[in-house]
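Chemist: Got a structure for you, questions after.
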Amino acid sequence: MLVVKKFGGTSVANKERIFNVARRCIDEYKKGNDVVVVLSAMGDTTDDLIEMAKDINPNPPKREMDMLMVTGEQVSVSLMVMAMASLGVPAVSLNAFQVQMHTTKVYGNARLKKIDTERIQTELDNKKIVVVTGFQGVNKYDDATTLGRGGSDTTAVALAAALKADICEIYTDVEGVYTADPRVVKNARKLKEISYDEMLNMATLGAQVLHNRSVEMAKKYGVQLVVRSSLNEAEGTVVKEVAKVEKRVISGVAADKTPSRISLIGLQDTPGIAFKIFNVLAKKNISVDFILQSVGRDGTKDISFTVDENNLQSTLDALNEYKETFTAERIEHEENVAKVSAVGSGMMTDPNITVKIFEALFNEGINVKMISTSEIRITVLIDEKDVDKATKAIHDAFELED
Ligand code: ADP
Ligand code: ASP
Ligand code: MG
């Protein structure tokens with residue numbers, strides 16, 4: 001059997017944790033299985049590296065940023081193999097360049113295109129545990145790239161797909177996927193199973209337990225995932241195509257503190273304005289979410305939308321540059337906003353669900369700034385300070401049993 005095991009930053013944060021992971025991987029190896037391990041950078045290393053960069057240059061060149069980022073994962077994999085060696089087990093560490101994990105060329109948010117399996121296979125045939133750096137790749141210029149924050153999950157799933165692994169286990173600092181972040185909602189429940197589609201929505205809407213692209217890839221290649229704790233033996237959550245039908249109305253609540261809101265006020269109420277605005281942003285590769293347009297009044301209208309807070313400044317710069325072409329009277333923005341979403345298949349078929357969510361927010365005195373819905377989710381934009389309160393309130397409004 002071939003097993004891919006991925007361990008996140010907290011799971012390898014210090015010497016004791018590194019040895020804990022080494023022992024778990026060795027136990028698997030001693031069962032006679034082939035073991036490929038994917039690691040993230042230790043503890044808060046990635047955040048610390050970002051801080052170091054910003055201290056030197058608040059707007060660091062993207063290529064150099066990735067050169068810096070990839071060092072974090074290299075520390076974890078080499079220390080892990082040293083730990084395994086000290087326990088008498090043959091292992092080898094490989095970075096993205098050595099494996100040849102090919103990505104698109106974008107620094108900071110590259111997509112995996114193809115993974116060569118030859119080197120890993122040779123090492124496995126030599127009866128070694130193979131420990132691979134998560135989160136990183138190589139582009140067509142032979143430069144280091146990274147896959148976006150939380151991207152090690154995607155490395156693990158991509159490797160599992162490329163190597164046709166029998167199972168892909170994501171070990172983290174909670175026992176599985178819960179109905180809401182268990183650190184925020186104390187009575188959140190651990191799910192035995194969740195479907196790819198529901199998990200994809202949860203991940204995209206802010207549940208960082210899995211990188212959303214890892215779920216997308218798992219669905220595409222039919223990789224069955226298990227999310228479980230690196231610190232105990234508790235049974236985790238299985239992520240698969242069809243999850244057992246449960247009595248839950250919604251599968252979970254997810255929160256995302258990264259958006260910023262932008263509003264263009266007093267736009268001419270004529271055709272082509274929205275096209276001009278979003279065309280400017282698309283050309284700068286800025287994705288937007290949550291687009292809302294007001295009803296026209298006195299020949300003018302307003303358009304609001306959200307962007308990732310990291311793109312706020314570049315969005316404002318781009319809009320101000322072209323302000324005249326789309327006739328905006330003013331451009332406003334708000335940074336401290338957050339999205340809270342209730343996710344569940346088929347929720348829009350029941351109007352009571354929407355009412356229950358708004359009632360829960362009303363009871364807590366939380367003001368809703370924007371609303372967006374689909375068949376599988378309802379998302380509200382609120383003040384960032386209210387995000388935990390809103391998550392708990394929506395969670396409590398439903399019987400989230402598994
Ligand atoms: P790792 O470093 O192992 O990749 P992450 O910090 O990326 O771990 O993801 C795990 C964290 O995700 C948990 O500590 C938890 O606070 C958070 N989280 C958010 N939503 C959920 C959820 N629905 N279920 C489980 N964990 C969640
Ligand atoms: N170390 C990277 C991050 O902190 C990748 C990961 O943890 O998955 O985002
Ligand atoms: Mg993660």
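Identifiers in the structure tokens: chain A, B, ... in order shown; residue index from 1 per chain; ligand index from 1 in order shown.
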Given a cut-off of 6 Å, what residues near ligand 1 show up using only C-alpha atoms and all ligand atoms, put as a list in words?

Modeler: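 Using only C-alpha atoms and all ligand atoms, everything at most 6 Å from ligand 1 comes to Phe7, Gly8, Gly9, Thr10, Gly150, Thr172, Asp173, Val174, Gly176, Val177, Tyr178, Thr179, Ala180, Asp181, Arg183, Ala207, Gln208 and Val209 of chain A.
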
Chemist: Run DSSP on the backbone and tell me which residues of region 71-101 of chain A come out as helix (DSSP H, G or I); list them as a PDB file with C-alpha atoms, in the first residue's frame.

Modeler:
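Okay, this is what ended up in states_11.pdb:
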ATOM      1  CA  THR A  71      13.113  27.939   2.813  1.00  0.00           C
ATOM      2  CA  GLY A  72      10.549  27.253   5.567  1.00  0.00           C
ATOM      3  CA  GLU A  73       9.496  23.871   4.213  1.00  0.00           C
ATOM      4  CA  GLN A  74      13.111  22.886   3.526  1.00  0.00           C
ATOM      5  CA  VAL A  75      13.939  23.275   7.210  1.00  0.00           C
ATOM      6  CA  SER A  76      11.092  20.914   8.204  1.00  0.00           C
ATOM      7  CA  VAL A  77      11.870  18.148   5.701  1.00  0.00           C
ATOM      8  CA  SER A  78      15.587  18.014   6.436  1.00  0.00           C
ATOM      9  CA  LEU A  79      15.065  18.007  10.221  1.00  0.00           C
ATOM     10  CA  MET A  80      12.421  15.289   9.807  1.00  0.00           C
ATOM     11  CA  VAL A  81      14.796  13.023   7.911  1.00  0.00           C
ATOM     12  CA  MET A  82      17.481  13.652  10.552  1.00  0.00           C
ATOM     13  CA  ALA A  83      14.961  12.554  13.205  1.00  0.00           C
ATOM     14  CA  MET A  84      14.054   9.419  11.222  1.00  0.00           C
ATOM     15  CA  ALA A  85      17.748   8.632  10.685  1.00  0.00           C
ATOM     16  CA  SER A  86      18.389   8.922  14.419  1.00  0.00           C
ATOM     17  CA  ALA A  96      10.005  20.754  -5.337  1.00  0.00           C
ATOM     18  CA  PHE A  97      12.995  21.222  -7.615  1.00  0.00           C
ATOM     19  CA  GLN A  98      14.368  17.753  -6.898  1.00  0.00           C
ATOM     20  CA  VAL A  99      10.986  16.095  -7.427  1.00  0.00           C
TER      21      VAL A  99
END

Chemist: Contacts of Glu375 (chain A) at 12 Å or less, counting only C-alpha atoms, minus same-chain residues fewer than 5 places along, as a list in words?

Modeler: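 These residues fall inside the cut-off: Asp197, Glu198, Asn201, Ile250, Ala342, Val343, Gly344, Ser345, Gly346, Met347, Met348, Thr349, Asp350, Pro351, Ile353 and Thr354 of chain A.
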
Chemist: For ligand 2, list the contacting residues at 6 Å or closer, counting only C-alpha atoms and all ligand atoms, as a PyMOL selection string.

Modeler: chain A and resi 8-9+40-41+46+135+149-153

Chemist: Per residue of region 50-117 of chain A within 12 Å of region 27-31 of chain A, note the shortest atom pair and the distance in Å to one decimal, counting only C-alpha atoms, and order the rows by chain and increasing residue number, as a Markdown table.

Modeler:
| residue | atom | partner | partner_atom | distance |
| --- | --- | --- | --- | --- |
| A:Met84 | CA | A:Tyr29 | CA | 11.2 |
| A:Leu87 | CA | A:Asp27 | CA | 11.5 |
| A:Gly88 | CA | A:Lys30 | CA | 11.8 |
| A:Val89 | CA | A:Tyr29 | CA | 9.1 |
| A:Pro90 | CA | A:Tyr29 | CA | 10.2 |
| A:Ala91 | CA | A:Tyr29 | CA | 10.4 |

Chemist: Expressed in Å to a single decimal, how great is the separation between CA of Asn139 (chain A) and CA of Ala156 (chain A)?

Modeler: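 Taking CA of Asn139 (chain A) and CA of Ala156 (chain A), their separation equals 18.4 Å.
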
Chemist: Using only C-alpha atoms, find the one residue out of A:Ser251, A:Thr391, A:Ser287, A:Thr315 that sits nearest to Ser263 (chain A).

Modeler: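 The closest residue to Ser263 (chain A) is A:Thr315.
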
Chemist: I'd like the neighbourhood of Leu163 (chain A) as a PyMOL selection string, where a residue qualifies if any of its atoms comes within 10 Å (using only C-alpha atoms), though same-chain residues fewer than 2 positions away should be ignored.

Modeler: chain A and resi 2-4+36+115-118+120-121+157-161+165-166

Chemist: Would you put the residues from that selection into a file with N, CA, C and O atoms, as a PDB file, in the first residue's frame?

Modeler:
ATOM      1  N   LEU A   2       0.457   2.287  -0.734  1.00  0.00           N
ATOM      2  CA  LEU A   2       1.184   3.562  -0.737  1.00  0.00           C
ATOM      3  C   LEU A   2       0.352   4.616  -0.005  1.00  0.00           C
ATOM      4  O   LEU A   2      -0.811   4.854  -0.353  1.00  0.00           O
ATOM      5  N   VAL A   3       0.957   5.204   1.009  1.00  0.00           N
ATOM      6  CA  VAL A   3       0.242   6.179   1.840  1.00  0.00           C
ATOM      7  C   VAL A   3       0.927   7.539   1.752  1.00  0.00           C
ATOM      8  O   VAL A   3       2.143   7.634   1.894  1.00  0.00           O
ATOM      9  N   VAL A   4       0.136   8.602   1.513  1.00  0.00           N
ATOM     10  CA  VAL A   4       0.672   9.972   1.591  1.00  0.00           C
ATOM     11  C   VAL A   4       0.162  10.580   2.893  1.00  0.00           C
ATOM     12  O   VAL A   4      -1.040  10.559   3.169  1.00  0.00           O
ATOM     13  N   VAL A  36       4.999   8.346   1.783  1.00  0.00           N
ATOM     14  CA  VAL A  36       5.437   9.660   1.302  1.00  0.00           C
ATOM     15  C   VAL A  36       4.873  10.685   2.291  1.00  0.00           C
ATOM     16  O   VAL A  36       3.678  10.678   2.594  1.00  0.00           O
ATOM     17  N   ILE A 115       3.466  16.652 -11.897  1.00  0.00           N
ATOM     18  CA  ILE A 115       4.503  16.232 -10.954  1.00  0.00           C
ATOM     19  C   ILE A 115       5.220  15.020 -11.537  1.00  0.00           C
ATOM     20  O   ILE A 115       4.578  14.037 -11.914  1.00  0.00           O
ATOM     21  N   ASP A 116       6.550  15.090 -11.638  1.00  0.00           N
ATOM     22  CA  ASP A 116       7.300  13.907 -12.076  1.00  0.00           C
ATOM     23  C   ASP A 116       7.380  12.930 -10.895  1.00  0.00           C
ATOM     24  O   ASP A 116       7.663  13.350  -9.775  1.00  0.00           O
ATOM     25  N   THR A 117       7.164  11.654 -11.171  1.00  0.00           N
ATOM     26  CA  THR A 117       7.126  10.704 -10.049  1.00  0.00           C
ATOM     27  C   THR A 117       8.381   9.832  -9.989  1.00  0.00           C
ATOM     28  O   THR A 117       8.573   9.076  -9.040  1.00  0.00           O
ATOM     29  N   GLU A 118       9.224   9.968 -11.002  1.00  0.00           N
ATOM     30  CA  GLU A 118      10.363   9.052 -11.128  1.00  0.00           C
ATOM     31  C   GLU A 118      11.284   9.040  -9.904  1.00  0.00           C
ATOM     32  O   GLU A 118      11.593   7.979  -9.353  1.00  0.00           O
ATOM     33  N   ILE A 120      10.778  10.094  -6.823  1.00  0.00           N
ATOM     34  CA  ILE A 120      10.118   9.584  -5.613  1.00  0.00           C
ATOM     35  C   ILE A 120      10.020   8.057  -5.698  1.00  0.00           C
ATOM     36  O   ILE A 120      10.320   7.343  -4.741  1.00  0.00           O
ATOM     37  N   GLN A 121       9.613   7.576  -6.861  1.00  0.00           N
ATOM     38  CA  GLN A 121       9.443   6.125  -7.037  1.00  0.00           C
ATOM     39  C   GLN A 121      10.764   5.385  -6.807  1.00  0.00           C
ATOM     40  O   GLN A 121      10.789   4.353  -6.130  1.00  0.00           O
ATOM     41  N   VAL A 157      -2.267  16.214  -1.918  1.00  0.00           N
ATOM     42  CA  VAL A 157      -3.292  15.586  -2.764  1.00  0.00           C
ATOM     43  C   VAL A 157      -2.745  15.368  -4.174  1.00  0.00           C
ATOM     44  O   VAL A 157      -2.965  14.314  -4.781  1.00  0.00           O
ATOM     45  N   ALA A 158      -1.979  16.330  -4.673  1.00  0.00           N
ATOM     46  CA  ALA A 158      -1.412  16.189  -6.017  1.00  0.00           C
ATOM     47  C   ALA A 158      -0.441  15.014  -6.069  1.00  0.00           C
ATOM     48  O   ALA A 158      -0.443  14.231  -7.027  1.00  0.00           O
ATOM     49  N   LEU A 159       0.358  14.855  -5.021  1.00  0.00           N
ATOM     50  CA  LEU A 159       1.278  13.717  -4.982  1.00  0.00           C
ATOM     51  C   LEU A 159       0.506  12.406  -4.901  1.00  0.00           C
ATOM     52  O   LEU A 159       0.847  11.424  -5.566  1.00  0.00           O
ATOM     53  N   ALA A 160      -0.548  12.393  -4.080  1.00  0.00           N
ATOM     54  CA  ALA A 160      -1.362  11.174  -3.948  1.00  0.00           C
ATOM     55  C   ALA A 160      -1.958  10.794  -5.304  1.00  0.00           C
ATOM     56  O   ALA A 160      -1.971   9.618  -5.683  1.00  0.00           O
ATOM     57  N   ALA A 161      -2.408  11.812  -6.054  1.00  0.00           N
ATOM     58  CA  ALA A 161      -2.998  11.539  -7.374  1.00  0.00           C
ATOM     59  C   ALA A 161      -1.919  11.047  -8.334  1.00  0.00           C
ATOM     60  O   ALA A 161      -2.091  10.041  -9.030  1.00  0.00           O
ATOM     61  N   ALA A 165      -1.722   6.901  -4.948  1.00  0.00           N
ATOM     62  CA  ALA A 165      -1.661   6.432  -3.556  1.00  0.00           C
ATOM     63  C   ALA A 165      -2.987   5.811  -3.157  1.00  0.00           C
ATOM     64  O   ALA A 165      -4.044   6.150  -3.707  1.00  0.00           O
ATOM     65  N   ASP A 166      -2.941   4.904  -2.185  1.00  0.00           N
ATOM     66  CA  ASP A 166      -4.175   4.271  -1.729  1.00  0.00           C
ATOM     67  C   ASP A 166      -4.950   5.182  -0.796  1.00  0.00           C
ATOM     68  O   ASP A 166      -6.166   5.093  -0.697  1.00  0.00           O
TER      69      ASP A 166
END

Chemist: Per DSSP on the backbone, what are the strand (DSSP E) residues of region 109-325 of chain A, as a ChimeraX atom specification?

Modeler: /A:112-115,129-133,136-138,144-146,167-172,193-195,225-229,237-240,252-256,259-268,289-293,300-308

Chemist: Identify, on the basis of only C-alpha atoms, every residue whose closest approach to Phe305 (chain A) does not exceed 10 Å; exclude the query and any residue fewer than 2 positions from it along the same chain; express the result as a list in words.

Modeler: Pro259, Ser260, Arg261, Ile262, Ser263, Leu264, Val288, Asp289, Phe290, Ile291, Leu292, Gln293, Ile303, Val307, His333 and Met370 of chain A

Chemist: From the options A:Cys168, A:Leu210, A:Val337, A:Ala282, which residue's atoms come nearest to ligand 3, counting only C-alpha atoms and all ligand atoms?

Modeler: A:Leu210
